[in-house]
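Participant: Please find work.cif (mmCIF, C-alpha atoms and all ligand atoms) on the next line:
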```cif
data_target
loop_
_atom_site.label_atom_id
_atom_site.label_comp_id
_atom_site.auth_asym_id
_atom_site.auth_seq_id
_atom_site.Cartn_x
_atom_site.Cartn_y
_atom_site.Cartn_z
CA MET A 28 17.74 10.13 -1.95
CA SER A 29 15.03 12.73 -2.38
CA ALA A 30 12.56 13.10 0.44
CA VAL A 31 9.04 13.69 -0.73
CA ILE A 32 8.19 13.46 -4.40
CA GLU A 33 5.30 15.19 -6.06
CA PRO A 34 2.89 12.57 -7.42
CA ARG A 35 2.34 12.40 -11.17
CA VAL A 36 -0.48 14.72 -12.12
CA GLU A 37 -2.68 12.16 -13.82
CA TYR A 38 -2.72 8.40 -13.85
CA ASP A 39 -1.19 7.38 -17.16
CA VAL A 40 -1.17 3.60 -17.09
CA GLU A 41 0.49 3.29 -20.50
CA SER A 42 3.43 5.37 -19.37
CA ILE A 43 3.59 3.38 -16.11
CA ARG A 44 3.64 0.12 -18.11
CA ARG A 45 6.65 1.35 -20.05
CA ASP A 46 8.55 1.48 -16.76
CA PHE A 47 8.26 -2.31 -16.44
CA PRO A 48 10.45 -4.09 -19.02
CA ILE A 49 8.97 -7.54 -18.31
CA LEU A 50 5.47 -6.46 -19.31
CA LYS A 51 6.63 -6.32 -22.93
CA ARG A 52 7.53 -9.98 -23.08
CA LEU A 53 5.49 -12.82 -24.40
CA ALA A 54 4.43 -15.82 -22.34
CA ARG A 55 3.73 -19.02 -24.31
CA GLY A 56 3.73 -16.90 -27.44
CA LYS A 57 1.00 -14.58 -26.15
CA HIS A 58 1.13 -11.11 -24.63
CA LEU A 59 1.86 -11.54 -20.96
CA VAL A 60 -1.12 -10.66 -18.77
CA TYR A 61 0.34 -10.66 -15.29
CA LEU A 62 -2.37 -11.02 -12.66
CA ASP A 63 -0.37 -12.60 -9.85
CA ASN A 64 0.64 -9.45 -8.04
CA ALA A 65 -0.38 -10.67 -4.59
CA ALA A 66 2.33 -13.34 -4.93
CA THR A 67 4.94 -10.92 -6.19
CA THR A 68 4.98 -7.75 -8.26
CA GLN A 69 7.11 -6.94 -11.30
CA LYS A 70 9.92 -4.43 -11.00
CA PRO A 71 10.18 -1.05 -12.73
CA ARG A 72 13.45 -0.11 -14.42
CA GLN A 73 13.92 2.56 -11.71
CA VAL A 74 14.40 -0.31 -9.23
CA ILE A 75 16.37 -2.54 -11.60
CA ASP A 76 18.68 0.33 -12.58
CA ARG A 77 19.21 1.32 -8.97
CA ILE A 78 20.35 -2.20 -8.08
CA VAL A 79 22.64 -2.34 -11.12
CA ARG A 80 24.12 1.03 -10.14
CA TYR A 81 24.69 -0.19 -6.61
CA TYR A 82 26.62 -3.22 -7.80
CA SER A 83 28.39 -1.30 -10.58
CA GLU A 84 29.47 1.71 -8.56
CA GLU A 85 28.86 1.41 -4.83
CA ASN A 86 29.17 -2.19 -3.70
CA SER A 87 30.90 -2.68 -0.37
CA ASN A 88 30.04 -3.95 3.09
CA VAL A 89 28.25 -1.57 5.43
CA HIS A 90 29.03 -0.27 8.93
CA ARG A 91 32.57 -1.56 9.01
CA GLY A 92 35.06 -0.06 6.59
CA VAL A 93 36.54 3.42 6.78
CA HIS A 94 37.26 3.26 3.08
CA TYR A 95 35.40 5.28 0.50
CA LEU A 96 33.10 2.59 -0.87
CA SER A 97 32.14 1.28 2.52
CA GLU A 98 31.18 4.76 3.59
CA LEU A 99 29.20 5.22 0.39
CA ALA A 100 27.34 1.92 0.76
CA THR A 101 26.62 2.69 4.42
CA VAL A 102 25.21 6.12 3.59
CA GLU A 103 22.96 4.66 0.87
CA TYR A 104 21.82 1.81 3.14
CA GLU A 105 20.98 4.18 5.98
CA ASN A 106 19.35 6.69 3.62
CA ALA A 107 17.10 3.84 2.53
CA ARG A 108 16.13 3.28 6.16
CA GLY A 109 15.26 6.95 6.42
CA TYR A 110 13.14 6.67 3.31
CA VAL A 111 11.21 3.71 4.73
CA GLN A 112 10.70 5.62 7.99
CA ARG A 113 9.18 8.59 6.18
CA PHE A 114 7.20 6.32 3.85
CA ILE A 115 5.28 4.68 6.70
CA ASN A 116 5.56 7.74 8.96
CA ALA A 117 7.45 6.02 11.78
CA ARG A 118 8.69 8.36 14.49
CA ASP A 119 12.34 7.37 14.25
CA VAL A 120 14.73 5.45 11.98
CA LYS A 121 15.52 3.23 14.98
CA GLU A 122 12.05 1.75 14.54
CA ILE A 123 12.86 0.34 11.09
CA VAL A 124 14.47 -3.12 11.10
CA PHE A 125 15.40 -4.70 7.78
CA THR A 126 14.55 -8.38 7.43
CA ARG A 127 14.15 -10.93 4.64
CA GLY A 128 10.46 -10.16 4.33
CA THR A 129 7.11 -10.28 6.08
CA THR A 130 7.61 -13.88 7.17
CA GLU A 131 10.90 -13.14 8.88
CA SER A 132 9.54 -9.94 10.46
CA ILE A 133 6.67 -11.85 12.07
CA ASN A 134 8.94 -14.66 13.23
CA LEU A 135 11.28 -12.09 14.76
CA VAL A 136 8.47 -10.69 16.90
CA ALA A 137 7.22 -14.15 17.86
CA GLN A 138 10.67 -15.36 18.84
CA THR A 139 11.83 -12.28 20.74
CA TRP A 140 8.92 -10.26 22.07
CA GLY A 141 6.76 -13.38 22.20
CA ARG A 142 9.17 -15.61 24.06
CA LYS A 143 9.80 -12.90 26.61
CA ASN A 144 6.24 -11.74 27.15
CA VAL A 145 3.87 -14.63 26.51
CA GLY A 146 3.32 -17.22 29.19
CA ALA A 147 1.07 -20.12 30.17
CA GLY A 148 -2.63 -19.21 29.93
CA ASP A 149 -2.01 -16.10 27.82
CA GLU A 150 -3.85 -15.67 24.54
CA ILE A 151 -2.86 -14.54 21.08
CA LEU A 152 -5.62 -13.47 18.74
CA ILE A 153 -5.31 -13.92 15.01
CA SER A 154 -8.06 -14.03 12.40
CA ALA A 155 -9.62 -16.74 10.28
CA ILE A 156 -8.23 -15.19 7.09
CA GLU A 157 -4.51 -15.02 7.86
CA HIS A 158 -1.68 -16.12 5.58
CA HIS A 159 0.25 -19.08 7.01
CA SER A 160 3.06 -16.62 7.86
CA ASN A 161 0.79 -15.00 10.41
CA ILE A 162 -0.47 -18.31 11.82
CA VAL A 163 2.41 -20.73 12.19
CA PRO A 164 4.87 -18.50 14.13
CA TRP A 165 2.13 -17.93 16.73
CA GLN A 166 1.24 -21.62 16.86
CA MET A 167 4.88 -22.41 17.52
CA LEU A 168 5.06 -19.80 20.27
CA CYS A 169 1.80 -20.95 21.89
CA ALA A 170 2.95 -24.58 21.84
CA GLU A 171 6.21 -23.63 23.53
CA LYS A 172 4.56 -21.43 26.16
CA ASN A 173 1.29 -23.25 26.77
CA ALA A 174 -0.54 -20.22 25.53
CA THR A 175 -3.75 -20.27 23.49
CA LEU A 176 -4.24 -19.17 19.92
CA ARG A 177 -7.74 -17.84 19.33
CA ILE A 178 -9.29 -17.12 15.98
CA VAL A 179 -11.48 -14.15 15.11
CA PRO A 180 -14.22 -15.52 12.84
CA VAL A 181 -15.07 -14.28 9.38
CA ALA A 182 -18.48 -13.67 7.77
CA ASP A 183 -19.49 -15.28 4.49
CA ASN A 184 -18.56 -12.15 2.56
CA GLY A 185 -14.96 -12.26 3.86
CA GLU A 186 -15.27 -9.51 6.48
CA LEU A 187 -14.06 -10.21 9.99
CA LEU A 188 -16.77 -10.22 12.64
CA ILE A 189 -15.59 -7.15 14.46
CA ASP A 190 -18.18 -7.26 17.24
CA GLU A 191 -17.10 -10.83 17.93
CA TYR A 192 -13.46 -9.69 17.90
CA GLU A 193 -14.21 -7.03 20.49
CA ARG A 194 -15.94 -9.61 22.66
CA MET A 195 -12.91 -11.90 22.43
CA LEU A 196 -10.59 -9.25 23.87
CA ASN A 197 -9.94 -10.01 27.52
CA PRO A 198 -7.08 -9.43 29.97
CA ARG A 199 -5.30 -12.63 28.87
CA VAL A 200 -4.88 -11.40 25.28
CA LYS A 201 -1.26 -10.29 25.01
CA LEU A 202 -1.19 -9.73 21.27
CA VAL A 203 -3.53 -9.35 18.32
CA ALA A 204 -1.88 -10.30 15.00
CA VAL A 205 -3.95 -9.57 11.90
CA GLY A 206 -3.42 -8.87 8.26
CA HIS A 207 -3.94 -5.42 6.83
CA GLY A 208 -5.32 -7.10 3.72
CA SER A 209 -6.12 -10.72 2.93
CA ASN A 210 -4.15 -12.26 0.06
CA ALA A 211 -6.81 -14.94 -0.46
CA LEU A 212 -10.00 -12.84 -0.30
CA GLY A 213 -8.85 -9.28 -0.77
CA THR A 214 -10.58 -8.08 2.42
CA ILE A 215 -9.10 -4.92 3.89
CA ASN A 216 -9.50 -5.13 7.64
CA PRO A 217 -10.55 -2.09 9.73
CA ILE A 218 -7.19 -2.07 11.47
CA LYS A 219 -7.49 1.36 13.07
CA ARG A 220 -10.64 0.32 14.92
CA MET A 221 -9.16 -3.10 15.76
CA ILE A 222 -5.97 -1.53 17.12
CA ALA A 223 -7.88 0.99 19.24
CA ALA A 224 -9.98 -1.82 20.75
CA ALA A 225 -6.89 -3.94 21.46
CA HIS A 226 -5.07 -1.03 23.09
CA ALA A 227 -8.09 -0.23 25.23
CA ASN A 228 -7.82 -3.84 26.39
CA GLY A 229 -4.08 -3.52 27.10
CA SER A 230 -3.08 -5.79 24.19
CA LEU A 231 -0.39 -5.07 21.62
CA VAL A 232 -1.04 -5.35 17.88
CA LEU A 233 1.06 -6.68 15.02
CA ILE A 234 -0.18 -5.93 11.52
CA ASP A 235 0.87 -8.19 8.66
CA GLY A 236 1.14 -5.49 6.03
CA ALA A 237 2.24 -7.69 3.12
CA GLN A 238 -1.02 -6.81 1.33
CA GLY A 239 -1.32 -3.33 2.83
CA VAL A 240 1.72 -1.34 1.74
CA PRO A 241 1.39 -2.20 -1.98
CA HIS A 242 -2.18 -0.94 -2.20
CA MET A 243 -2.66 2.05 0.08
CA ARG A 244 -1.03 4.79 2.10
CA VAL A 245 0.21 3.38 5.39
CA ASP A 246 0.77 5.65 8.38
CA VAL A 247 1.84 3.68 11.42
CA GLN A 248 1.34 6.63 13.77
CA ASP A 249 -2.15 7.25 12.48
CA HIS A 250 -3.37 3.65 12.74
CA GLY A 251 -1.27 3.05 15.85
CA SER A 252 0.09 -0.48 15.35
CA ASP A 253 2.86 -1.65 17.65
CA PHE A 254 4.49 -3.79 14.95
CA TYR A 255 3.97 -3.61 11.19
CA ALA A 256 5.59 -6.10 8.79
CA PHE A 257 5.89 -5.97 5.02
CA SER A 258 7.85 -7.39 2.07
CA GLY A 259 9.76 -5.47 -0.58
CA HIS A 260 8.87 -7.79 -3.44
CA LYS A 261 5.14 -7.18 -3.14
CA VAL A 262 5.58 -3.43 -3.50
CA TYR A 263 7.60 -3.46 -6.76
CA GLY A 264 10.91 -3.94 -4.94
CA PRO A 265 13.37 -6.84 -4.85
CA THR A 266 12.88 -10.22 -3.22
CA GLY A 267 14.76 -11.13 -0.05
CA VAL A 268 14.14 -7.87 1.76
CA GLY A 269 11.40 -6.63 4.05
CA VAL A 270 10.71 -4.43 7.01
CA LEU A 271 9.71 -4.80 10.60
CA TYR A 272 8.46 -1.56 12.08
CA GLY A 273 8.24 -1.66 15.86
CA ARG A 274 7.63 1.02 18.45
CA GLU A 275 11.00 2.00 19.85
CA ALA A 276 10.21 1.23 23.50
CA LEU A 277 9.06 -2.27 22.51
CA LEU A 278 12.03 -3.05 20.26
CA ASP A 279 14.36 -1.69 22.91
CA ALA A 280 13.00 -4.07 25.54
CA MET A 281 13.14 -7.10 23.23
CA PRO A 282 16.09 -9.47 23.41
CA PRO A 283 18.14 -9.87 20.23
CA TRP A 284 17.27 -12.71 17.91
CA GLN A 285 20.14 -13.87 15.76
CA GLY A 286 23.67 -13.41 17.04
CA GLY A 287 26.57 -12.34 14.86
CA GLY A 288 28.36 -9.37 13.40
CA ASP A 289 26.84 -5.89 13.45
CA MET A 290 24.40 -6.69 16.27
CA ILE A 291 27.06 -6.33 18.98
CA LEU A 292 28.97 -3.49 20.59
CA SER A 293 31.69 -5.66 22.07
CA VAL A 294 32.34 -9.36 22.33
CA SER A 295 34.53 -11.29 24.69
CA PHE A 296 34.23 -14.92 25.67
CA GLU A 297 32.92 -13.78 29.03
CA LYS A 298 30.40 -11.18 27.96
CA THR A 299 28.87 -9.65 24.88
CA THR A 300 27.07 -6.34 24.83
CA TYR A 301 24.52 -5.70 22.15
CA ASN A 302 24.33 -2.90 19.68
CA ALA A 303 21.70 -0.15 19.75
CA LEU A 304 18.51 -0.20 17.71
CA PRO A 305 17.93 -1.14 14.99
CA TYR A 306 21.28 -2.93 14.55
CA LYS A 307 20.55 -5.24 17.49
CA PHE A 308 18.17 -7.07 15.13
CA GLU A 309 20.34 -7.00 12.00
CA ALA A 310 23.00 -9.65 12.58
CA GLY A 311 25.36 -10.33 9.71
CA THR A 312 25.82 -8.62 6.38
CA PRO A 313 22.39 -7.41 5.38
CA ASN A 314 20.79 -7.46 1.93
CA ILE A 315 22.34 -4.10 1.06
CA ALA A 316 21.35 -4.07 -2.61
CA GLY A 317 17.86 -5.24 -1.63
CA VAL A 318 17.41 -2.48 0.93
CA ILE A 319 18.56 0.16 -1.54
CA GLY A 320 16.31 -1.35 -4.21
CA LEU A 321 13.39 -1.35 -1.79
CA ALA A 322 13.82 2.37 -1.15
CA ALA A 323 13.88 2.92 -4.91
CA ALA A 324 10.60 0.99 -5.17
CA LEU A 325 8.97 3.07 -2.43
CA GLU A 326 10.22 6.19 -4.15
CA TYR A 327 8.67 4.88 -7.37
CA VAL A 328 5.22 4.28 -5.89
CA SER A 329 5.42 7.66 -4.10
CA SER A 330 6.12 9.33 -7.43
CA ILE A 331 2.84 7.92 -8.78
CA GLY A 332 1.05 8.65 -5.51
CA LEU A 333 -0.33 6.07 -3.09
CA ASP A 334 -3.81 7.55 -3.18
CA ALA A 335 -3.77 7.57 -6.99
CA ILE A 336 -2.69 3.91 -7.01
CA ALA A 337 -5.44 2.98 -4.53
CA ALA A 338 -8.07 4.81 -6.59
CA TYR A 339 -6.89 3.27 -9.87
CA GLU A 340 -6.75 -0.25 -8.44
CA HIS A 341 -10.23 0.20 -7.00
CA GLU A 342 -11.51 1.12 -10.44
CA LEU A 343 -9.89 -2.04 -11.83
CA LEU A 344 -11.41 -4.11 -9.04
CA VAL A 345 -14.92 -2.84 -9.72
CA TYR A 346 -14.55 -3.30 -13.47
CA ALA A 347 -13.05 -6.80 -13.26
CA THR A 348 -15.60 -7.90 -10.63
CA ASN A 349 -18.49 -6.82 -12.84
CA ARG A 350 -17.01 -8.51 -15.91
CA LEU A 351 -16.35 -11.76 -14.01
CA ARG A 352 -19.91 -11.74 -12.71
CA GLU A 353 -21.10 -12.05 -16.31
CA ILE A 354 -19.66 -15.56 -16.42
CA GLU A 355 -22.21 -18.21 -15.60
CA GLY A 356 -21.08 -20.66 -12.94
CA LEU A 357 -18.36 -18.35 -11.63
CA ARG A 358 -18.52 -17.53 -7.95
CA ILE A 359 -16.37 -14.87 -6.34
CA ILE A 360 -15.06 -15.86 -2.92
CA GLY A 361 -14.64 -12.73 -0.84
CA THR A 362 -16.98 -9.81 -1.40
CA ALA A 363 -16.07 -7.55 1.49
CA ARG A 364 -17.08 -3.91 1.19
CA GLU A 365 -13.46 -2.83 1.66
CA LYS A 366 -11.32 -4.83 -0.76
CA ALA A 367 -7.93 -4.67 -2.41
CA ALA A 368 -7.83 -5.61 -6.10
CA VAL A 369 -7.68 -9.33 -5.40
CA ILE A 370 -10.40 -11.56 -6.85
CA SER A 371 -10.62 -15.19 -5.78
CA PHE A 372 -13.11 -17.32 -7.66
CA VAL A 373 -14.30 -20.83 -8.32
CA LEU A 374 -15.85 -22.08 -11.53
CA GLU A 375 -18.57 -24.69 -11.33
CA GLY A 376 -17.36 -28.10 -12.47
CA VAL A 377 -13.73 -27.04 -13.07
CA HIS A 378 -10.84 -27.60 -10.69
CA PRO A 379 -8.92 -24.36 -10.07
CA HIS A 380 -5.67 -25.98 -11.22
CA ASP A 381 -7.22 -26.63 -14.62
CA ILE A 382 -8.27 -22.99 -14.78
CA GLY A 383 -4.68 -21.93 -14.11
CA THR A 384 -3.26 -24.29 -16.72
CA ILE A 385 -5.62 -23.24 -19.48
CA LEU A 386 -5.23 -19.53 -18.73
CA ASP A 387 -1.47 -20.03 -18.81
CA GLN A 388 -1.74 -21.19 -22.42
CA GLU A 389 -3.22 -17.76 -23.13
CA GLY A 390 -0.30 -15.96 -21.49
CA ILE A 391 -2.40 -15.12 -18.44
CA ALA A 392 -0.67 -15.52 -15.08
CA VAL A 393 -3.07 -16.14 -12.20
CA ARG A 394 -2.47 -18.10 -9.08
CA THR A 395 -4.47 -21.20 -8.26
CA GLY A 396 -4.39 -23.13 -5.02
CA HIS A 397 -4.89 -22.37 -1.36
CA HIS A 398 -2.72 -19.23 -1.44
CA CYS A 399 -0.96 -20.25 1.79
CA ALA A 400 -4.25 -19.68 3.57
CA GLN A 401 -5.59 -23.21 3.98
CA PRO A 402 -7.92 -22.30 6.88
CA VAL A 403 -9.66 -19.83 4.54
CA MET A 404 -10.33 -22.61 2.02
CA LEU A 405 -11.68 -24.79 4.81
CA ARG A 406 -13.94 -21.97 6.00
CA TYR A 407 -15.54 -21.68 2.57
CA ASN A 408 -15.49 -25.41 2.04
CA ILE A 409 -13.48 -25.30 -1.18
CA PRO A 410 -10.16 -27.00 -2.00
CA ALA A 411 -8.67 -24.02 -3.78
CA THR A 412 -9.54 -20.95 -5.81
CA GLY A 413 -8.31 -19.20 -8.90
CA ARG A 414 -7.03 -15.76 -7.99
CA ALA A 415 -6.48 -12.71 -10.14
CA SER A 416 -4.60 -10.02 -8.25
CA PHE A 417 -4.07 -6.64 -9.86
CA GLY A 418 -1.25 -4.15 -9.56
CA LEU A 419 -0.68 -0.55 -10.50
CA TYR A 420 0.17 -1.42 -14.14
CA ASN A 421 -2.80 -3.66 -14.96
CA THR A 422 -5.55 -2.49 -17.28
CA LYS A 423 -9.24 -3.05 -17.92
CA GLU A 424 -8.25 -4.64 -21.24
CA GLU A 425 -6.32 -7.24 -19.28
CA ALA A 426 -9.44 -7.95 -17.22
CA ASP A 427 -11.23 -8.49 -20.56
CA VAL A 428 -8.50 -10.93 -21.65
CA LEU A 429 -9.00 -12.80 -18.38
CA VAL A 430 -12.74 -13.03 -18.99
CA ALA A 431 -12.16 -14.29 -22.55
CA GLY A 432 -9.67 -16.85 -21.18
CA LEU A 433 -12.21 -18.07 -18.65
CA ARG A 434 -14.76 -18.51 -21.41
CA LYS A 435 -12.23 -20.77 -23.15
CA VAL A 436 -11.84 -22.76 -19.93
CA ILE A 437 -15.60 -23.26 -19.86
CA GLU A 438 -15.58 -24.38 -23.53
CA VAL A 439 -12.98 -27.05 -22.74
CA PHE A 440 -15.04 -28.47 -19.90
CA ARG A 441 -18.42 -28.25 -21.55
N1 LIG A 501 1.22 -12.24 4.62
C1 LIG A 501 0.41 -12.07 3.57
C2 LIG A 501 -0.93 -11.44 3.76
C3 LIG A 501 0.85 -12.48 2.30
O1 LIG A 501 0.05 -12.30 1.24
C4 LIG A 501 2.12 -13.09 2.17
C5 LIG A 501 2.59 -13.65 0.85
C6 LIG A 501 2.92 -13.19 3.30
C7 LIG A 501 2.44 -12.77 4.51
C8 LIG A 501 4.31 -13.73 3.22
O2 LIG A 501 5.15 -12.82 2.57
P1 LIG A 501 6.66 -13.22 2.26
O3 LIG A 501 7.13 -12.12 1.37
O4 LIG A 501 7.38 -13.27 3.55
O5 LIG A 501 6.62 -14.55 1.57
N2 LIG A 501 1.54 -14.00 -0.03
C9 LIG A 501 1.68 -14.76 -1.16
C10 LIG A 501 0.63 -15.02 -2.02
O6 LIG A 501 -0.49 -14.59 -1.89
N3 LIG A 501 1.06 -15.80 -3.02
O7 LIG A 501 2.37 -16.05 -2.82
C11 LIG A 501 2.76 -15.40 -1.67
#
```
Could you render the structure as structure tokens?
Ligand code: 7TS

Facilitator:
Amino acid sequence: MSAVIEPRVEYDVESIRRDFPILKRLARGKHLVYLDNAATTQKPRQVIDRIVRYYSEENSNVHRGVHYLSELATVEYENARGYVQRFINARDVKEIVFTRGTTESINLVAQTWGRKNVGAGDEILISAIEHHSNIVPWQMLCAEKNATLRIVPVADNGELLIDEYERMLNPRVKLVAVGHGSNALGTINPIKRMIAAAHANGSLVLIDGAQGVPHMRVDVQDHGSDFYAFSGHKVYGPTGVGVLYGREALLDAMPPWQGGGDMILSVSFEKTTYNALPYKFEAGTPNIAGVIGLAAALEYVSSIGLDAIAAYEHELLVYATNRLREIEGLRIIGTAREKAAVISFVLEGVHPHDIGTILDQEGIAVRTGHHCAQPVMLRYNIPATGRASFGLYNTKEEADVLVAGLRKVIEVFR
């Protein structure tokens, strides 16, 4: 696998769209307008082809055979780990653990580091705008350990109250767990500042990067997180694979999680010794094709350029926000100054589910509901929102189609 790729010189969205076979298809007889990228992204043929090639030419189990294919699969699997390490600028490949996704990465930390290090009276800080994946594992841990979960509040515009956060830090706070970006509101949190404040307080920080990695350059050494979790499928890679980055000293001191093959050095009925990092946390046959496909996806976004993607998506966000604001009775929920291209909205007099159903008839895929962030809905006193989330292949024309679709929704309910 190549190391660093020169980004494309200019952002050519039409050429990028040609990389994604699914974007050519129709949905309900209309051109597909896919605006549900926060849920999952579509896959470029570079990723699809890589997975096909793996199964056609390289498939074997890793880390066990001395035969040719097993060696080949192992090299590709470990090269992928190296690619992920360079992609997020981790210090060492040992710091990259492959998981099923963000959810599993967070649960791994809660169940291993958390069980070992969190006790009665300790506190874990999360924020009011977390996805359920970054709430429930901590609730479970706190219930088991008699620890307290505390919630950093959010302002009306969707920004966390950072001064309040800094006041909440105290010696009992063992861990701060916050999202890099909010899937429900689009808010990008000032994680570098939040991490520095937590470290000054002696607390560790886990960043839920599910909505970070797809939208911006992530450098774990620069922002300084102790753990960073993300999913392959939200960054144009396959489902069923994700990453837990953890600082080596922390991972090293954590007990293993699942027991099984590959995570051991030796097993007898009397005593088992565990494997070195990162294998200690990768019990059983991993998602080899998924890991290789994930590296292909990261290579793909690198070839476009993370900064170019961020700039392009920002342009889309500004354009779509302005167009949506033209619609009478439409209210955008989440207007933080730093936002990813995620727009949640409610439409006066129309239930979000009806919005989703009518837009679907137009071939427009948006998500409606609570977005696995029910506390956010409660905070803004709404049952659900419609949500358009943009990716690197979306266009301003698609934002126009969305606006036209919403005008149809309004017609129906007039
Ligand atoms: N954290 C955030 C911020 C997310 O947006 C999601 C998924 C997760 C964690 C969980 O990721 P997973 O890959 O382990 O499932 N968000 C969404 C969404 O917005 N719509 O569907 C899934």

Participant: From the options A:Gly269, A:Pro305, A:Gly418, A:Gly383, which residue's atoms come nearest to ligand LIG 501 (chain A), counting only C-alpha atoms and all ligand atoms?

Facilitator: A:Gly269

Participant: Can you check which parts of chain A lie within 8 Å of ligand LIG 501 (chain A)? Per residue, the shortest pair of atoms and distance in Å to one decimal, counting only C-alpha atoms and all ligand atoms, sorted by chain and number, as a tab-separated table.

Facilitator:
```
residue	atom	partner	partner_atom	distance
A:Asp63	CA	A:LIG501	N3	7.7
A:Ala65	CA	A:LIG501	O6	4.8
A:Ala66	CA	A:LIG501	N3	3.4
A:Thr67	CA	A:LIG501	O7	6.7
A:Arg127	CA	A:LIG501	O4	7.2
A:Gly128	CA	A:LIG501	O4	4.4
A:Thr129	CA	A:LIG501	O4	3.9
A:Thr130	CA	A:LIG501	O4	3.7
A:Glu131	CA	A:LIG501	O4	6.4
A:Ser132	CA	A:LIG501	O4	8.0
A:Glu157	CA	A:LIG501	C2	6.5
A:His158	CA	A:LIG501	N1	4.9
A:His159	CA	A:LIG501	C7	7.1
A:Ser160	CA	A:LIG501	C7	5.1
A:Asn161	CA	A:LIG501	N1	6.4
A:Gly206	CA	A:LIG501	C2	5.7
A:His207	CA	A:LIG501	C2	7.4
A:Gly208	CA	A:LIG501	C2	6.2
A:Ser209	CA	A:LIG501	C2	5.3
A:Asn210	CA	A:LIG501	O1	4.4
A:Ala211	CA	A:LIG501	O6	6.5
A:Asp235	CA	A:LIG501	N1	5.7
A:Gly236	CA	A:LIG501	C2	6.7
A:Ala237	CA	A:LIG501	C1	4.8
A:Gln238	CA	A:LIG501	C2	5.2
A:Phe257	CA	A:LIG501	O3	7.3
A:Ser258	CA	A:LIG501	O3	4.8
A:Gly259	CA	A:LIG501	O3	7.4
A:His260	CA	A:LIG501	O3	6.7
A:Lys261	CA	A:LIG501	O3	7.0
A:Thr266	CA	A:LIG501	O3	7.6
A:Gly267	CA	A:LIG501	O3	7.8
A:Gly269	CA	A:LIG501	O3	7.5
A:Arg394	CA	A:LIG501	N3	7.4
A:His398	CA	A:LIG501	O6	5.2
A:Cys399	CA	A:LIG501	C10	6.7
```

Participant: Step by step: start from the point (27.5, 6.2, 4.0) in the file's coordinates, keep every protein, DNA or RNA residue that has an atom no farther than 12 Å from it, count all atoms listed in the file, and write the set as a ChimeraX atom specification.

Facilitator: /A:85-108,315

Participant: Deliver the residues from the most recent selection as a file, using C-alpha atoms, as a compact mmCIF listing (two decimals), keeping the file's coordinate frame.

Facilitator:
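Dumped everything to result-v6.txt:
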```
# COMPACT_ATOMS: atom_id res chain seq x y z
CA GLU A 85 28.86 1.41 -4.83
CA ASN A 86 29.17 -2.19 -3.70
CA SER A 87 30.90 -2.68 -0.37
CA ASN A 88 30.04 -3.95 3.09
CA VAL A 89 28.25 -1.57 5.43
CA HIS A 90 29.03 -0.27 8.93
CA ARG A 91 32.57 -1.56 9.01
CA GLY A 92 35.06 -0.06 6.59
CA VAL A 93 36.54 3.42 6.78
CA HIS A 94 37.26 3.26 3.08
CA TYR A 95 35.40 5.28 0.50
CA LEU A 96 33.10 2.59 -0.87
CA SER A 97 32.14 1.28 2.52
CA GLU A 98 31.18 4.76 3.59
CA LEU A 99 29.20 5.22 0.39
CA ALA A 100 27.34 1.92 0.76
CA THR A 101 26.62 2.69 4.42
CA VAL A 102 25.21 6.12 3.59
CA GLU A 103 22.96 4.66 0.87
CA TYR A 104 21.82 1.81 3.14
CA GLU A 105 20.98 4.18 5.98
CA ASN A 106 19.35 6.69 3.62
CA ALA A 107 17.10 3.84 2.53
CA ARG A 108 16.13 3.28 6.16
CA ILE A 315 22.34 -4.10 1.06
```

Participant: Which one of A:Leu304, A:Val328, A:Ile215, A:Ile336 sits closest to Arg364 in chain A if you count all atoms listed in the file?

Facilitator: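 Ranking A:Leu304, A:Val328, A:Ile215, A:Ile336 by distance to Arg364 in chain A, first place goes to A:Ile215.
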
Participant: Calculated over all atoms listed in the file, which of the candidates A:Leu419, A:Leu386, A:Leu277, A:Val403 has the smallest distance to Arg44 in chain A?

Facilitator: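 For Arg44 in chain A, the nearest of the given residues is A:Leu419.
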
Participant: Hey, what's within 10 Å of Thr395 in chain A if we count all atoms listed in the file and toss same-chain stuff fewer than 5 positions away? As a list of chain:residue names, please?

Facilitator: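 Answer for this query is A:Asp63, A:Ser371, A:Phe372, A:Val373, A:His378, A:Pro379, A:His380, A:Asp381, A:Ile382, A:Gly383, A:Thr384, A:Ala411, A:Thr412, A:Gly413, A:Arg414, A:Ala415.
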
Participant: Could you check the closest approach to His250 in chain A for each of A:Ile115, A:Ala368, A:Leu59, A:Met167 and tell me which residue wins, using all atoms listed in the file?

Facilitator: A:Ile115

Participant: When you draw a straight line from CA of Ala170 in chain A to CA of Lys307 in chain A, how long is it in Å?

Facilitator: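 For CA of Ala170 in chain A relative to CA of Lys307 in chain A, the distance reads 26.5 Å.
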
Participant: Quick one: of A:Leu62, A:Ala54, A:Ile360, A:Val136, who's nearest to Glu425 in chain A, counting only C-alpha atoms?

Facilitator: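 Selected residue with least distance to Glu425 in chain A: A:Leu62.
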
Participant: How many Å separate CA of Arg220 in chain A from CA of Gly273 in chain A?

Facilitator: 19.0 Å

Participant: With distances taken over all atoms listed in the file, which residue among A:Glu353, A:Glu365, A:Asp387, A:Glu438 lies nearest Leu187 in chain A?

Facilitator: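 Using all atoms listed in the file, the shortest distance to Leu187 in chain A belongs to A:Glu365.
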
Participant: Which neighbours of Leu344 in chain A fall inside 8 Å, counting all atoms listed in the file, when residues of the same chain fewer than 2 positions from it are skipped, and could you give them as a PyMOL selection string?

Facilitator: chain A and resi 340-342+346-348+367-370+417
